[in-house]
Amino acid sequence: MTLTNRDIIELTAWRRKLHQQPEISNEEEKTAKEVVDFLADTGPDKVVTGLGGHGVAAVYDSGKAGPTVLFRSEIDALPIEELSGVDHASQVPGKSHMCGHDGHTAILAALGRQLGRERPARGRVVLMFQPAEETGNGAAGVVADARFDEIAPDFAFSLHNLPGVPFGEVRLKPGVVNCASRGIRIVLDGKTAHSSMPETGVSPMLAVSELMPLLPALGRGTFADDDFSMVTVTHATMGEAVFGIAPGYAEVWATLRTRRDERMAELVAAAEALATRIAAEHRLSVHCDYHEIFVASVNAPDAVEHLNRALDEEGVPRSEEALPMRASEDFGIFGHKAKSAMFFLGAGERTPSLHNPDYDFPDDLIPIGSKIFMRTARNLLG
């Protein structure tokens, strides 16, 4: 189950190649082709492309009855200008792998190498290279694709590197590990007017000023509570950037966040009711729509037990510290189809934070992440 020195050198070089040519969510066509080409020598029994957009599923089948175990990585990058200064920095202006999805992809490719040399004794392993994690529509697109029914995993596992945690340590627990979230866009329509006669129009200015503090006030509880909810105003725009026109249009954007999926429906209803009431008071029409929808990521106890066994056998330290997280992760929807669990792999206490412009995935995590996944696969399938 061990990677050779040559494997590690080649996987590291490939990770850095991916890093230099990032593609953001829903644009990962070349990255998907890179995955297919890199795995070709491992001889997967089936490769499904175009899953939920640009997703790739590589299947390694024993030919014998048994569970199907899926391991997932993300392949999308972020619209961030890289400032890391590394030799393999992004060559695409304004786009970069500032979340480490290039490293997660290399970890899955490492499994492909090992499974290519020795298939599982029973069942199947599916390596799922998922698109569009950052926008929340990638996993949903994958599981909604009719061809996903051919994969039908019994178990699904994933990881994410985590700066701020000691290098190589794992954070893992059963239950909620990532919050549900969604972006709400509130559109307010009135009527423009000359700025010298604002009374002849219908301005959204007062409505926007009222929504700004009242939306966050919808949150309740502390993060330790199952009923926790949080609203963060992230953006607002109003009218045109001119001095002669009183505005007739505005948008307010906010992120709604809850620990439980059930609580999200209540928060959505409260936000819409607030927007409707304030719009009516100011003679405005209102429309709400939703973006970047993430369900809560909930680790199934059975799946966590399998990961814990692998961590014990590989001598990887772990704790439940720092879990759950307020941040969202679209792996959660795989838990609606299989017993799933995600763990977080320490990237080092001095590593720049995720989404920072100077972040770079630590290559030495590739063999650590892959041995945890491979041990889990072998324990389940032999």
# chains A, B, ... in the order shown; residues from 1 in each chain; ligands from 1
$ select_by_dssp --residues "range 23-220 of chain A" --states "alpha helix (DSSP H)" --output "PyMOL selection string"
chain A and resi 29-39+101-117+138-144+148-151+205-214
$ residues_around --residues "Ile151 in chain A" --least-positions-apart "4" --cutoff "12 Å" --atoms "only C-alpha atoms" --output "compact mmCIF listing (two decimals) with N, CA, C and O atoms, in the first residue's frame"
# COMPACT_ATOMS: atom_id res chain seq x y z
N LYS A 46 -13.38 1.44 -15.56
CA LYS A 46 -14.37 2.31 -16.18
C LYS A 46 -14.05 3.74 -15.82
O LYS A 46 -13.64 4.03 -14.70
N VAL A 47 -14.21 4.63 -16.79
CA VAL A 47 -14.03 6.05 -16.54
C VAL A 47 -15.27 6.77 -17.04
O VAL A 47 -15.65 6.63 -18.21
N VAL A 48 -15.92 7.50 -16.16
CA VAL A 48 -17.11 8.28 -16.52
C VAL A 48 -16.71 9.75 -16.52
O VAL A 48 -16.20 10.25 -15.50
N LEU A 51 -19.47 14.21 -15.54
CA LEU A 51 -20.45 14.03 -14.46
C LEU A 51 -20.73 15.37 -13.79
O LEU A 51 -19.82 16.02 -13.27
N VAL A 56 -15.18 13.66 -13.11
CA VAL A 56 -14.60 12.41 -13.60
C VAL A 56 -14.69 11.36 -12.50
O VAL A 56 -14.31 11.62 -11.36
N ALA A 57 -15.22 10.19 -12.84
CA ALA A 57 -15.24 9.07 -11.91
C ALA A 57 -14.45 7.92 -12.51
O ALA A 57 -14.74 7.46 -13.62
N ALA A 58 -13.40 7.48 -11.81
CA ALA A 58 -12.58 6.34 -12.24
C ALA A 58 -12.91 5.16 -11.33
O ALA A 58 -12.82 5.27 -10.10
N VAL A 59 -13.30 4.04 -11.93
CA VAL A 59 -13.77 2.88 -11.18
C VAL A 59 -12.74 1.76 -11.26
O VAL A 59 -12.29 1.38 -12.35
N TYR A 60 -12.36 1.22 -10.10
CA TYR A 60 -11.45 0.08 -10.00
C TYR A 60 -12.25 -1.06 -9.38
O TYR A 60 -12.59 -1.05 -8.20
N ASP A 61 -12.56 -2.06 -10.21
CA ASP A 61 -13.53 -3.10 -9.87
C ASP A 61 -12.83 -4.44 -9.66
O ASP A 61 -12.03 -4.88 -10.49
N PRO A 67 -19.02 -4.06 -1.32
CA PRO A 67 -19.44 -2.66 -1.28
C PRO A 67 -18.76 -1.83 -2.36
O PRO A 67 -17.69 -2.19 -2.87
N THR A 68 -19.37 -0.70 -2.66
CA THR A 68 -18.74 0.32 -3.50
C THR A 68 -18.32 1.46 -2.59
O THR A 68 -19.14 2.01 -1.86
N VAL A 69 -17.04 1.77 -2.62
CA VAL A 69 -16.47 2.80 -1.75
C VAL A 69 -15.96 3.95 -2.61
O VAL A 69 -15.11 3.75 -3.48
N LEU A 70 -16.50 5.13 -2.38
CA LEU A 70 -16.15 6.32 -3.16
C LEU A 70 -15.23 7.22 -2.35
O LEU A 70 -15.45 7.46 -1.17
N PHE A 71 -14.18 7.70 -3.02
CA PHE A 71 -13.30 8.72 -2.45
C PHE A 71 -13.38 9.94 -3.35
O PHE A 71 -13.24 9.83 -4.57
N GLY A 123 -15.75 -5.99 -4.23
CA GLY A 123 -16.38 -4.69 -4.42
C GLY A 123 -15.65 -3.78 -5.38
O GLY A 123 -14.84 -4.23 -6.20
N ARG A 124 -15.90 -2.47 -5.24
CA ARG A 124 -15.32 -1.49 -6.16
C ARG A 124 -14.85 -0.25 -5.39
O ARG A 124 -15.43 0.11 -4.37
N VAL A 125 -13.82 0.40 -5.93
CA VAL A 125 -13.42 1.73 -5.46
C VAL A 125 -13.71 2.71 -6.59
O VAL A 125 -13.39 2.46 -7.75
N VAL A 126 -14.34 3.81 -6.24
CA VAL A 126 -14.61 4.89 -7.20
C VAL A 126 -13.83 6.12 -6.76
O VAL A 126 -13.99 6.59 -5.62
N LEU A 127 -12.99 6.63 -7.64
CA LEU A 127 -12.31 7.89 -7.39
C LEU A 127 -13.11 8.99 -8.08
O LEU A 127 -13.20 9.02 -9.30
N MET A 128 -13.72 9.85 -7.28
CA MET A 128 -14.61 10.89 -7.79
C MET A 128 -13.92 12.24 -7.77
O MET A 128 -13.68 12.81 -6.70
N VAL A 142 -23.35 16.25 -9.69
CA VAL A 142 -22.85 14.87 -9.82
C VAL A 142 -23.92 13.87 -9.41
O VAL A 142 -24.22 12.92 -10.14
N VAL A 143 -24.52 14.06 -8.23
CA VAL A 143 -25.49 13.06 -7.74
C VAL A 143 -26.79 13.12 -8.53
O VAL A 143 -27.54 12.13 -8.58
N ASP A 145 -26.85 13.52 -11.78
CA ASP A 145 -26.57 12.91 -13.08
C ASP A 145 -27.03 11.45 -13.06
O ASP A 145 -26.70 10.70 -12.14
N ALA A 146 -27.79 11.04 -14.07
CA ALA A 146 -28.34 9.68 -14.11
C ALA A 146 -27.24 8.62 -14.04
O ALA A 146 -27.46 7.52 -13.51
N ARG A 147 -26.06 8.95 -14.55
CA ARG A 147 -24.97 7.97 -14.54
C ARG A 147 -24.39 7.74 -13.15
O ARG A 147 -23.69 6.75 -12.92
N PHE A 155 -20.33 3.67 0.70
CA PHE A 155 -19.59 4.58 1.56
C PHE A 155 -18.98 5.68 0.70
O PHE A 155 -18.61 5.44 -0.46
N ALA A 156 -18.85 6.87 1.27
CA ALA A 156 -18.19 7.98 0.58
C ALA A 156 -17.28 8.70 1.58
O ALA A 156 -17.70 8.99 2.71
N PHE A 334 -23.28 14.06 -0.65
CA PHE A 334 -22.97 12.64 -0.83
C PHE A 334 -23.50 11.83 0.35
O PHE A 334 -23.80 10.63 0.20
N LYS A 337 -26.68 9.99 -0.12
CA LYS A 337 -26.65 8.81 -1.00
C LYS A 337 -25.88 7.64 -0.41
O LYS A 337 -25.99 6.52 -0.91
N ALA A 338 -25.05 7.90 0.61
CA ALA A 338 -24.18 6.86 1.15
C ALA A 338 -23.81 7.21 2.59
O ALA A 338 -24.03 8.34 3.04
$ residues_around --residues "range 356-365 of chain A" --least-positions-apart "5" --cutoff "9 Å" --atoms "only C-alpha atoms" --output "ChimeraX atom specification"
/A:8,11-12,15-16,19,80-86,89,96-104,107,161,167-168,345-348,351,370
$ write_last_selection --atoms "N, CA and C atoms" --output "tab-separated table (two decimals), in the first residue's frame"
chain	number	residue	atom	x	y	z
A	8	ILE	N	5.92	9.48	-5.57
A	8	ILE	CA	5.80	10.75	-4.86
A	8	ILE	C	6.36	11.90	-5.69
A	11	LEU	N	3.83	12.46	-8.57
A	11	LEU	CA	2.58	13.04	-8.08
A	11	LEU	C	2.77	14.51	-7.68
A	12	THR	N	3.92	14.80	-7.08
A	12	THR	CA	4.23	16.18	-6.70
A	12	THR	C	4.36	17.06	-7.93
A	15	ARG	N	0.91	17.62	-9.35
A	15	ARG	CA	0.16	18.57	-8.53
A	15	ARG	C	0.57	20.00	-8.87
A	16	ARG	N	1.86	20.21	-9.04
A	16	ARG	CA	2.34	21.56	-9.35
A	16	ARG	C	1.94	21.99	-10.77
A	19	HIS	N	-1.46	23.15	-10.42
A	19	HIS	CA	-1.44	24.44	-9.73
A	19	HIS	C	-1.17	25.59	-10.71
A	80	ILE	N	-8.84	34.13	-7.50
A	80	ILE	CA	-7.94	34.90	-6.64
A	80	ILE	C	-6.59	35.03	-7.34
A	81	GLU	N	-6.02	36.21	-7.32
A	81	GLU	CA	-4.68	36.43	-7.87
A	81	GLU	C	-3.65	35.85	-6.89
A	82	GLU	N	-2.80	34.95	-7.36
A	82	GLU	CA	-1.83	34.30	-6.47
A	82	GLU	C	-0.65	35.23	-6.19
A	83	LEU	N	-0.25	35.27	-4.90
A	83	LEU	CA	0.89	36.09	-4.48
A	83	LEU	C	1.87	35.25	-3.66
A	84	SER	N	1.94	33.95	-3.95
A	84	SER	CA	2.77	33.05	-3.14
A	84	SER	C	4.26	33.18	-3.44
A	85	GLY	N	4.60	33.53	-4.68
A	85	GLY	CA	6.00	33.62	-5.06
A	85	GLY	C	6.68	32.30	-5.32
A	86	VAL	N	5.95	31.17	-5.31
A	86	VAL	CA	6.56	29.87	-5.57
A	86	VAL	C	6.85	29.71	-7.07
A	89	ALA	N	3.86	28.83	-9.39
A	89	ALA	CA	2.68	29.68	-9.19
A	89	ALA	C	1.77	29.67	-10.41
A	96	SER	N	-6.39	30.87	-9.19
A	96	SER	CA	-5.36	30.12	-8.48
A	96	SER	C	-5.97	29.04	-7.61
A	97	HIS	N	-5.14	28.06	-7.27
A	97	HIS	CA	-5.56	26.97	-6.37
A	97	HIS	C	-5.23	27.36	-4.93
A	98	MET	N	-6.01	28.31	-4.40
A	98	MET	CA	-5.77	28.80	-3.05
A	98	MET	C	-6.56	28.04	-1.99
A	99	CYS	N	-7.09	26.87	-2.36
A	99	CYS	CA	-7.80	26.06	-1.37
A	99	CYS	C	-7.21	24.65	-1.29
A	100	GLY	N	-6.28	24.33	-2.19
A	100	GLY	CA	-5.61	23.04	-2.12
A	100	GLY	C	-6.29	21.92	-2.87
A	101	HIS	N	-7.25	22.24	-3.74
A	101	HIS	CA	-7.92	21.19	-4.48
A	101	HIS	C	-6.97	20.46	-5.43
A	102	ASP	N	-5.91	21.14	-5.85
A	102	ASP	CA	-4.88	20.47	-6.66
A	102	ASP	C	-4.21	19.37	-5.84
A	103	GLY	N	-3.96	19.64	-4.56
A	103	GLY	CA	-3.36	18.62	-3.69
A	103	GLY	C	-4.30	17.48	-3.38
A	104	HIS	N	-5.58	17.79	-3.16
A	104	HIS	CA	-6.56	16.73	-2.92
A	104	HIS	C	-6.67	15.82	-4.15
A	107	ILE	N	-3.83	13.43	-4.24
A	107	ILE	CA	-4.02	12.36	-3.26
A	107	ILE	C	-4.88	11.25	-3.86
A	161	ASN	N	-7.47	19.71	3.43
A	161	ASN	CA	-6.34	20.18	4.20
A	161	ASN	C	-6.79	21.37	5.07
A	167	PHE	N	0.93	19.92	11.33
A	167	PHE	CA	1.10	19.18	10.08
A	167	PHE	C	0.88	17.68	10.30
A	168	GLY	N	0.02	17.09	9.46
A	168	GLY	CA	-0.21	15.66	9.48
A	168	GLY	C	-1.19	15.17	10.52
A	345	LEU	N	-7.15	17.41	7.38
A	345	LEU	CA	-5.75	17.03	7.51
A	345	LEU	C	-4.90	18.27	7.72
A	346	GLY	N	-4.23	18.31	8.87
A	346	GLY	CA	-3.45	19.49	9.24
A	346	GLY	C	-2.38	19.84	8.21
A	347	ALA	N	-2.38	21.10	7.78
A	347	ALA	CA	-1.42	21.58	6.79
A	347	ALA	C	-0.28	22.36	7.43
A	348	GLY	N	-0.28	22.45	8.76
A	348	GLY	CA	0.78	23.16	9.45
A	348	GLY	C	0.27	24.44	10.09
A	351	THR	N	1.18	27.62	7.99
A	351	THR	CA	0.75	27.68	6.60
A	351	THR	C	-0.31	28.76	6.43
A	370	SER	N	-3.07	9.95	1.17
A	370	SER	CA	-3.34	8.75	0.36
A	370	SER	C	-3.26	7.48	1.20
$ residues_around --residues "Arg119 in chain A" --least-positions-apart "4" --cutoff "12 Å" --atoms "only C-alpha atoms" --output "MDAnalysis selection string"
chainID A and resid 1 42:45 59:64 111:115 123:126 374 377:378 381:382
$ closest_residue --among "A:Ala246, A:Phe223, A:Thr234, A:Leu218" --to "Ala270 in chain A" --atoms "only C-alpha atoms"
A:Leu218
$ atom_distance --atom1 "CA of Pro352 in chain A" --atom2 "CA of Ile368 in chain A"
19.6 Å
$ closest_residue --among "A:Glu199, A:Glu210, A:Asp312, A:Glu169" --to "Arg277 in chain A" --atoms "only C-alpha atoms"
A:Glu210
$ residues_around --residues "Ala250 in chain A" --least-positions-apart "2" --cutoff "10 Å" --atoms "only C-alpha atoms" --output "list in words"
Ile186, Val187, Leu188, Asp189, Gly190, Ser203, Pro204, Met205, Ala207, Val208, Ala236, Thr237, Met238, Gly239, Glu240, Pro247, Gly248, Val252 and Val286 of chain A
$ select_by_dssp --residues "range 159-255 of chain A" --states "strand (DSSP E or B)" --output "PyMOL selection string"
chain A and resi 159-162+170-171+175-178+180-189+191+193-194+202+220+229-238+245-246+249-255
$ atom_distance --atom1 "CA of Ser181 in chain A" --atom2 "CA of Ala327 in chain A"
8.2 Å
$ residues_around --residues "range 25-36 of chain A" --least-positions-apart "2" --cutoff "9 Å" --atoms "only C-alpha atoms" --output "ChimeraX atom specification"
/A:18,21-23,38-40,47,49-50,53-56,58,75-78,105,109,129,131-135,137-138
$ write_last_selection --atoms "C-alpha atoms" --output "PDB file, in the first residue's frame"
ATOM      1  CA  LEU A  18      -2.316  21.516 -11.975  1.00  0.00           C
ATOM      2  CA  GLN A  21      -3.105  25.925 -14.821  1.00  0.00           C
ATOM      3  CA  PRO A  22      -6.085  26.516 -12.506  1.00  0.00           C
ATOM      4  CA  GLU A  23      -9.669  26.499 -13.727  1.00  0.00           C
ATOM      5  CA  PHE A  38      -2.792  10.854 -15.682  1.00  0.00           C
ATOM      6  CA  LEU A  39      -4.861   7.846 -14.587  1.00  0.00           C
ATOM      7  CA  ALA A  40      -4.666   6.088 -17.960  1.00  0.00           C
ATOM      8  CA  VAL A  47     -14.028   6.050 -16.537  1.00  0.00           C
ATOM      9  CA  THR A  49     -16.558  11.849 -17.707  1.00  0.00           C
ATOM     10  CA  GLY A  50     -18.753  14.930 -17.756  1.00  0.00           C
ATOM     11  CA  GLY A  53     -20.385  19.263 -15.495  1.00  0.00           C
ATOM     12  CA  HIS A  54     -16.696  18.338 -15.733  1.00  0.00           C
ATOM     13  CA  GLY A  55     -16.620  15.589 -13.108  1.00  0.00           C
ATOM     14  CA  VAL A  56     -14.599  12.409 -13.604  1.00  0.00           C
ATOM     15  CA  ALA A  58     -12.583   6.343 -12.235  1.00  0.00           C
ATOM     16  CA  ILE A  75     -10.816  19.942  -9.030  1.00  0.00           C
ATOM     17  CA  ASP A  76     -11.843  23.616  -9.153  1.00  0.00           C
ATOM     18  CA  ALA A  77      -9.743  26.666  -8.314  1.00  0.00           C
ATOM     19  CA  LEU A  78     -10.653  30.163  -7.105  1.00  0.00           C
ATOM     20  CA  THR A 105      -6.675  15.654  -6.569  1.00  0.00           C
ATOM     21  CA  ALA A 109      -4.458  10.029  -8.127  1.00  0.00           C
ATOM     22  CA  PHE A 129     -12.939  14.047  -9.103  1.00  0.00           C
ATOM     23  CA  PRO A 131     -16.137  19.949 -10.167  1.00  0.00           C
ATOM     24  CA  ALA A 132     -17.516  23.214  -8.788  1.00  0.00           C
ATOM     25  CA  GLU A 133     -17.119  22.664  -5.064  1.00  0.00           C
ATOM     26  CA  GLU A 134     -16.557  26.352  -4.402  1.00  0.00           C
ATOM     27  CA  THR A 135     -19.925  27.386  -5.837  1.00  0.00           C
ATOM     28  CA  ASN A 137     -23.385  23.172  -7.386  1.00  0.00           C
ATOM     29  CA  GLY A 138     -20.735  20.551  -8.140  1.00  0.00           C
TER      30      GLY A 138
END
$ atom_distance --atom1 "CA of Ser353 in chain A" --atom2 "CA of Val177 in chain A"
18.5 Å
$ closest_residue --among "A:Asp226, A:His355, A:Glu349, A:Gly244" --to "Pro163 in chain A" --atoms "only C-alpha atoms"
A:Glu349
